[in-house]
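Q: What follows is a structure written as structure tokens; I'll ask about it next.
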Amino acid sequence: MKRARVEDDSNSVDRISELPQGILQQILYHLSQDEVVRTSVLSKSWRYNWCTRPNLNFSDRSFFKGSKQYFLSVVHETLQRYRDQRLCIEEFHLSISLDDSDPASASLLEKWIPTLATTNKGMKKFCLSIRSEQGSGSTHPPSVVFKAELLQDLRVENLTLDRKAIDRIILFNHLKRLHLLDVCIEAEIFQKIISRCPMIEDLLVEECRGLRKIEVNDLHCLKDLYFTNYEVVEGDEECCSIEIYPPSLETIDVSYGNLRLNKGAVFCNLKHLYLRGVELLLDRMSSCKFPSLEYLVIGYCNGLRGIKLFVDAPNMVGFSYNGEFIPSISFASTSIEWKSRIYLHLRDAPSLWSVKLRKLLKSLSQSQIFLWINQDDDGDGDGDGDGDGDGD
Amino acid sequence: MAAETGTPTTLTLKSNDDELFSVAESAAILSVTIRNMVEDGCAGGVIPLDNVDGKTLASVITYMNGISAIPADEEKKKSYRDKFLSDKDFETLADMVLAANYLNMSCLMDAVSAKIAQVMEKKSVGWVRRKFGIENDYTPEEEAAVKEEHKWTFEGVETDDDN
């Protein structure tokens, strides 16, 4: 009989195989689907250990280099086996591409989702990621997606969501995270989806085409809002207008959208506020209160030109500004130790901005200031300065 | 037990090799097993933990004290757990996972299970066998048949011919 070879850090006594099934299942829980299946080859006692673990995780992107057909059959057979053997699925993660040219995926999804729902009512986690790999993004997701009431996490990439796609959308009482990436969607459809997802905590909207307005005031659980639309920088697409006022928000990260804050709003839980290329209505920020704000990052916001921004944030930890002009910003902060980092890319001669800079440094004098100035042209190297200013 | 207000209650835990340990009740009740004993009023004297040896119990108590000193901040707790487990070898991890299971400490159980799984991640079958001392009792034909059955999981994975 062969003995397992012993190396320095290897074990001659096989303890792992002796662990109770319950513990082994907990260990196997953390492996990816292909890795857990591969444990069947370790030894006879491992042959079926993986078969009953309560979580399934399939992605056609990560390890199925073979045919899509084969991927679909593996998922299908696994789900059937769990159903036939009445095994419980506590967590199900599926990432799959759906294209008009490949109707098999969508039609299987139409089967899987209802099966999962009827056999696993107590499913704790259901994460679905659907995407199209065709350039146009004109594929519609199968309607079953919007009937999957156990969904907790939905990611949609490069697909089209229109009235037809969400025709019979149910109330998603479990959906905590919605991520739309490169999706073609109009404001009305977006609003309808949002209204059916009252429990959303994380909302990510990236590079969505056709979306002119987002209004998330009714998402009372929303913690993180992430929005980007770099297309507006290059193309002539109109900026999306984002209205936000759920006090539950902890992070707002907006790039190239128009942020509309309610006058006098109190963002009780907001810790992080990142604004890049946000054009309008920043002046309303001055009337808002940010009692928990720790980090404020403002980059290339032309909306700050010509206005005096006042930030009521007593608990600041870090402020960062990046831009081509010197803004007028002041803080009401009682925080003792906070840092501000100012990165300026200036074209004019120092005589034109030195007064403004002095004012800015003075208003930040409670903080430890790091200042970088990059003067672009006129060939005068002296404009490049970096170092600490103490704003005195 | 009438809990005295103001002074933290201390419990005495006894390992299966008769070592005694003092630990603050507030930290010890991270273990549901111990909490139940306390709630049932059996924590007056010494709490015997028949399935945990002294070396492992000492380590678990270090963890209990460490994690309960961290305020409710999941990220800090996670980084404490990572650091706590970073230097543990598999022998210790195996003792720890059994102890966490017996003591019913879900956070430690989860962290140790994840750590053991991490050892297996992205490794060949042969490497995992050697690392954990698992004896391959398949005949070559049987092994080939199992591999064939799940051939998709072997795509792109280096084959090891040294079983």
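Ligands are numbered from 1 in the order shown, chains are lettered A, B, ... in the order of the structure tokens, and residues start at 1 in each chain.
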May I have the residues of chain B within 7 Å of chain A, counting only C-alpha atoms, written as a list in words?
A: Ser113, Ala114, Ile116, Ala117, Glu121, Val125, Arg129, Arg130, Lys131, Phe132, Gly133, Ile134, Glu135, Asn136, Asp137, Tyr138, Glu143, Val146, Lys147, Trp152 and Thr153 of chain B
Q: Neighbouring residues of segment 62-64 of chain B were defined as those with any atom within 8 Å, considering only C-alpha atoms; residues of the same chain fewer than 2 positions away were excluded. Please report them as a VMD selection string.
A: chain B and resid 27 to 28 30 58 to 60 66 to 68 81 84
Q: Take the residues from that selection and write them out as a PDB file, in the first residue's frame, keeping N, CA, C and O atoms.
A:
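The file below, again.pdb, is the result:
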ATOM      1  N   ALA B  27     -16.487  37.606  27.709  1.00  0.00           N
ATOM      2  CA  ALA B  27     -15.758  37.057  26.570  1.00  0.00           C
ATOM      3  C   ALA B  27     -16.132  35.595  26.348  1.00  0.00           C
ATOM      4  O   ALA B  27     -16.297  35.146  25.209  1.00  0.00           O
ATOM      5  N   ALA B  28     -16.292  34.858  27.441  1.00  0.00           N
ATOM      6  CA  ALA B  28     -16.546  33.409  27.330  1.00  0.00           C
ATOM      7  C   ALA B  28     -17.883  33.094  26.687  1.00  0.00           C
ATOM      8  O   ALA B  28     -18.038  32.069  26.023  1.00  0.00           O
ATOM      9  N   LEU B  30     -19.141  34.171  24.187  1.00  0.00           N
ATOM     10  CA  LEU B  30     -19.083  34.071  22.720  1.00  0.00           C
ATOM     11  C   LEU B  30     -19.361  32.627  22.315  1.00  0.00           C
ATOM     12  O   LEU B  30     -19.795  32.351  21.203  1.00  0.00           O
ATOM     13  N   ALA B  58      -6.384  27.346  25.518  1.00  0.00           N
ATOM     14  CA  ALA B  58      -5.622  28.584  25.740  1.00  0.00           C
ATOM     15  C   ALA B  58      -5.730  29.479  24.515  1.00  0.00           C
ATOM     16  O   ALA B  58      -5.952  30.695  24.609  1.00  0.00           O
ATOM     17  N   SER B  59      -5.603  28.859  23.355  1.00  0.00           N
ATOM     18  CA  SER B  59      -5.666  29.606  22.117  1.00  0.00           C
ATOM     19  C   SER B  59      -7.064  30.199  21.882  1.00  0.00           C
ATOM     20  O   SER B  59      -7.212  31.364  21.488  1.00  0.00           O
ATOM     21  N   VAL B  60      -8.080  29.395  22.172  1.00  0.00           N
ATOM     22  CA  VAL B  60      -9.457  29.862  21.990  1.00  0.00           C
ATOM     23  C   VAL B  60      -9.739  31.032  22.931  1.00  0.00           C
ATOM     24  O   VAL B  60     -10.385  32.015  22.546  1.00  0.00           O
ATOM     25  N   GLY B  66      -9.464  38.654  22.693  1.00  0.00           N
ATOM     26  CA  GLY B  66      -9.097  39.586  21.618  1.00  0.00           C
ATOM     27  C   GLY B  66     -10.304  40.127  20.889  1.00  0.00           C
ATOM     28  O   GLY B  66     -10.447  41.343  20.718  1.00  0.00           O
ATOM     29  N   ILE B  67     -11.184  39.240  20.494  1.00  0.00           N
ATOM     30  CA  ILE B  67     -12.309  39.659  19.648  1.00  0.00           C
ATOM     31  C   ILE B  67     -13.340  40.431  20.458  1.00  0.00           C
ATOM     32  O   ILE B  67     -13.968  41.351  19.943  1.00  0.00           O
ATOM     33  N   SER B  68     -13.488  40.086  21.754  1.00  0.00           N
ATOM     34  CA  SER B  68     -14.527  40.784  22.520  1.00  0.00           C
ATOM     35  C   SER B  68     -14.062  42.175  22.943  1.00  0.00           C
ATOM     36  O   SER B  68     -14.861  42.995  23.369  1.00  0.00           O
ATOM     37  N   ARG B  81      -9.293  38.428  13.259  1.00  0.00           N
ATOM     38  CA  ARG B  81      -9.380  36.975  13.012  1.00  0.00           C
ATOM     39  C   ARG B  81      -8.302  36.525  12.037  1.00  0.00           C
ATOM     40  O   ARG B  81      -7.636  35.514  12.251  1.00  0.00           O
ATOM     41  N   PHE B  84      -5.039  36.565  13.805  1.00  0.00           N
ATOM     42  CA  PHE B  84      -5.009  35.509  14.815  1.00  0.00           C
ATOM     43  C   PHE B  84      -4.711  34.148  14.175  1.00  0.00           C
ATOM     44  O   PHE B  84      -3.975  33.335  14.714  1.00  0.00           O
TER      45      PHE B  84
END
Q: Extract the full set of helix (DSSP H, G or I) residues from segment 37-135 of chain B according to DSSP on the backbone, and format it as a count of residues only.
A: 68
Q: Which neighbours of Lys14 of chain B fall inside 8 Å, counting only C-alpha atoms, when residues of the same chain fewer than 4 positions from it are skipped, and could you give them as a list in words?
A: Asp18, Glu19, Leu20, Phe21, Val46, Ile47, Pro48, Leu49 and Gly54 of chain B
Q: For all heavy atoms, I'd like the residues from the last selection saved as an mmCIF file, in the first residue's frame.
A:
data_model
loop_
_atom_site.group_PDB
_atom_site.id
_atom_site.type_symbol
_atom_site.label_atom_id
_atom_site.label_comp_id
_atom_site.auth_asym_id
_atom_site.auth_seq_id
_atom_site.Cartn_x
_atom_site.Cartn_y
_atom_site.Cartn_z
ATOM 1 N N ASP B 18 -7.251 18.704 32.320
ATOM 2 C CA ASP B 18 -7.297 19.267 33.671
ATOM 3 C C ASP B 18 -6.563 20.583 33.881
ATOM 4 O O ASP B 18 -6.153 20.902 34.989
ATOM 5 C CB ASP B 18 -6.776 18.244 34.698
ATOM 6 C CG ASP B 18 -7.711 17.053 34.785
ATOM 7 O OD1 ASP B 18 -8.928 17.251 34.563
ATOM 8 O OD2 ASP B 18 -7.232 15.932 35.040
ATOM 9 N N GLU B 19 -6.389 21.358 32.797
ATOM 10 C CA GLU B 19 -5.843 22.701 32.991
ATOM 11 C C GLU B 19 -6.989 23.649 33.298
ATOM 12 O O GLU B 19 -8.069 23.513 32.722
ATOM 13 C CB GLU B 19 -5.123 23.166 31.728
ATOM 14 C CG GLU B 19 -3.643 22.853 31.705
ATOM 15 C CD GLU B 19 -2.945 23.595 30.583
ATOM 16 O OE1 GLU B 19 -2.676 24.794 30.753
ATOM 17 O OE2 GLU B 19 -2.698 22.964 29.537
ATOM 18 N N LEU B 20 -6.739 24.604 34.189
ATOM 19 C CA LEU B 20 -7.785 25.566 34.536
ATOM 20 C C LEU B 20 -7.473 26.937 33.940
ATOM 21 O O LEU B 20 -6.329 27.367 33.906
ATOM 22 C CB LEU B 20 -7.891 25.695 36.067
ATOM 23 C CG LEU B 20 -8.354 24.438 36.814
ATOM 24 C CD1 LEU B 20 -8.303 24.680 38.311
ATOM 25 C CD2 LEU B 20 -9.754 24.013 36.382
ATOM 26 N N PHE B 21 -8.502 27.594 33.466
ATOM 27 C CA PHE B 21 -8.343 28.923 32.860
ATOM 28 C C PHE B 21 -9.399 29.860 33.409
ATOM 29 O O PHE B 21 -10.566 29.489 33.521
ATOM 30 C CB PHE B 21 -8.522 28.844 31.339
ATOM 31 C CG PHE B 21 -7.510 27.987 30.643
ATOM 32 C CD1 PHE B 21 -7.730 26.614 30.485
ATOM 33 C CD2 PHE B 21 -6.342 28.536 30.132
ATOM 34 C CE1 PHE B 21 -6.800 25.824 29.837
ATOM 35 C CE2 PHE B 21 -5.418 27.753 29.478
ATOM 36 C CZ PHE B 21 -5.639 26.380 29.334
ATOM 37 N N VAL B 46 -16.530 25.195 38.403
ATOM 38 C CA VAL B 46 -15.647 25.086 37.250
ATOM 39 C C VAL B 46 -16.454 24.515 36.086
ATOM 40 O O VAL B 46 -17.257 23.599 36.264
ATOM 41 C CB VAL B 46 -14.478 24.142 37.611
ATOM 42 C CG1 VAL B 46 -13.633 23.840 36.386
ATOM 43 C CG2 VAL B 46 -13.636 24.769 38.716
ATOM 44 N N ILE B 47 -16.260 25.109 34.892
ATOM 45 C CA ILE B 47 -16.968 24.584 33.720
ATOM 46 C C ILE B 47 -16.066 23.576 33.001
ATOM 47 O O ILE B 47 -15.016 23.950 32.464
ATOM 48 C CB ILE B 47 -17.342 25.722 32.750
ATOM 49 C CG1 ILE B 47 -18.267 26.712 33.468
ATOM 50 C CG2 ILE B 47 -17.997 25.177 31.489
ATOM 51 C CD1 ILE B 47 -18.704 27.872 32.615
ATOM 52 N N PRO B 48 -16.414 22.302 33.019
ATOM 53 C CA PRO B 48 -15.567 21.314 32.348
ATOM 54 C C PRO B 48 -15.854 21.285 30.853
ATOM 55 O O PRO B 48 -17.015 21.256 30.431
ATOM 56 C CB PRO B 48 -16.012 19.992 33.003
ATOM 57 C CG PRO B 48 -17.415 20.235 33.469
ATOM 58 C CD PRO B 48 -17.623 21.710 33.626
ATOM 59 N N LEU B 49 -14.805 21.353 30.036
ATOM 60 C CA LEU B 49 -14.965 21.277 28.585
ATOM 61 C C LEU B 49 -14.264 20.005 28.119
ATOM 62 O O LEU B 49 -13.063 19.989 27.858
ATOM 63 C CB LEU B 49 -14.382 22.539 27.930
ATOM 64 C CG LEU B 49 -15.048 23.849 28.383
ATOM 65 C CD1 LEU B 49 -14.262 25.054 27.886
ATOM 66 C CD2 LEU B 49 -16.503 23.933 27.918
ATOM 67 N N GLY B 54 -5.916 21.558 26.753
ATOM 68 C CA GLY B 54 -5.438 22.803 27.333
ATOM 69 C C GLY B 54 -4.807 23.739 26.312
ATOM 70 O O GLY B 54 -5.053 24.942 26.319
#
Q: For Leu293 of chain A, find every residue with an atom within 7 Å (counting only C-alpha atoms), except residues of its own chain fewer than 6 positions away, and show them as a VMD selection string.
A: chain A and resid 270 to 272 313 315 to 316
Q: Under the rule that only C-alpha atoms are counted, which of A:Val254, A:Leu116, A:Ala148, A:Ile242 is the nearest residue to Gly277 of chain A?
A: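 Checking each candidate against Gly277 of chain A, we get A:Val254 as the closest.
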Q: With only C-alpha atoms as the basis for distance, which of A:Gly264, A:Pro142, A:Gly135, A:Gly303 is at the shortest distance from Asp182 of chain A?
A: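 Between A:Gly264, A:Pro142, A:Gly135, A:Gly303, the residue approaching Asp182 of chain A most closely is A:Gly135.
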Q: Run DSSP on the backbone of this structure and report the residues of chain B it assigns to strand (DSSP E or B), as number ranges by chain.
A: B: 10-14, 20-24, 46-48
Q: In terms of the shortest atom-to-atom distance over only C-alpha atoms, which of B:Glu39, B:Asp50, B:Glu25, B:Glu91 is closest to Leu103 of chain B?
A: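 Counting only C-alpha atoms, the residue closest to Leu103 of chain B is B:Asp50.
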Q: Name the residues in contact with Val311 of chain A at a cut-off of 7 Å, using only C-alpha atoms, excluding same-chain residues fewer than 5 positions from it; report them as a list in words.
A: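 Residues near the query, excluding close chain neighbours: Ser286, Ser330, Phe331 and Ala332 of chain A.
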Q: For the residues in the current selection, export N, CA, C and O atoms as an mmCIF file, in the first residue's frame.
A:
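Result file is result_2.cif:
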data_model
loop_
_atom_site.group_PDB
_atom_site.id
_atom_site.type_symbol
_atom_site.label_atom_id
_atom_site.label_comp_id
_atom_site.auth_asym_id
_atom_site.auth_seq_id
_atom_site.Cartn_x
_atom_site.Cartn_y
_atom_site.Cartn_z
ATOM 1 N N SER A 286 -24.499 73.332 0.789
ATOM 2 C CA SER A 286 -24.182 74.212 1.920
ATOM 3 C C SER A 286 -25.278 74.208 2.973
ATOM 4 O O SER A 286 -25.019 74.461 4.139
ATOM 5 N N SER A 330 -15.508 76.076 2.794
ATOM 6 C CA SER A 330 -15.196 76.158 4.218
ATOM 7 C C SER A 330 -15.933 75.069 4.975
ATOM 8 O O SER A 330 -16.958 74.562 4.511
ATOM 9 N N PHE A 331 -15.392 74.713 6.101
ATOM 10 C CA PHE A 331 -15.933 73.594 6.876
ATOM 11 C C PHE A 331 -16.332 74.030 8.268
ATOM 12 O O PHE A 331 -15.659 74.862 8.881
ATOM 13 N N ALA A 332 -17.414 73.444 8.759
ATOM 14 C CA ALA A 332 -17.699 73.545 10.181
ATOM 15 C C ALA A 332 -17.328 72.187 10.741
ATOM 16 O O ALA A 332 -18.093 71.242 10.635
#
Q: List the neighbours of Arg155 of chain A out to 8 Å using only C-alpha atoms; skip same-chain residues closer than 6 positions along the sequence, and give me the result as a list in words.
A: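 Counting only the stated atoms, we get Leu128, Ser129, Ile130, Leu178, His179, Leu180 and Leu181 of chain A.
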Q: What lies within 10 Å of Val75 of chain A using only C-alpha atoms, ignoring chain neighbours under 4 positions off, as an MDAnalysis selection string?
A: chainID A and resid 56:60 70:71 79:81 94 108 112
Q: Selected residues, C-alpha atoms, written as a PDB file, in the first residue's frame, please.
A:
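Resulting contents of selection-v9.pdb:
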ATOM      1  CA  LEU A  56     -23.743  26.157  -5.357  1.00  0.00           C
ATOM      2  CA  ASN A  57     -21.722  28.608  -7.348  1.00  0.00           C
ATOM      3  CA  PHE A  58     -21.627  28.507 -11.137  1.00  0.00           C
ATOM      4  CA  SER A  59     -20.026  30.987 -13.462  1.00  0.00           C
ATOM      5  CA  ASP A  60     -19.642  30.413 -17.176  1.00  0.00           C
ATOM      6  CA  TYR A  70     -21.437  21.648 -21.313  1.00  0.00           C
ATOM      7  CA  PHE A  71     -21.716  24.398 -18.708  1.00  0.00           C
ATOM      8  CA  LEU A  79     -29.899  21.321  -9.841  1.00  0.00           C
ATOM      9  CA  GLN A  80     -31.833  18.208 -10.783  1.00  0.00           C
ATOM     10  CA  ARG A  81     -29.775  16.099  -8.437  1.00  0.00           C
ATOM     11  CA  LEU A  94     -25.098  31.932 -10.997  1.00  0.00           C
ATOM     12  CA  LEU A 108     -32.924  26.890 -19.098  1.00  0.00           C
ATOM     13  CA  TRP A 112     -34.123  26.752 -13.106  1.00  0.00           C
TER      14      TRP A 112
END
Q: To one decimal place, how far is atom CA of Pro140 of chain B from atom CA of Thr78 of chain A in Å?
A: 25.9 Å
Q: Using atom CA of Leu249 of chain A and atom CA of Ile193 of chain A as the two end points, give the distance in Å to one decimal.
A: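 Computing it gives 19.3 Å between the two atoms.
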Q: For the atom pair atom CA of Asn269 of chain A and atom CA of Pro247 of chain A, what is the interatomic distance in Å to one decimal place?
A: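 Atom-to-atom, atom CA of Asn269 of chain A to atom CA of Pro247 of chain A, that is 6.4 Å.
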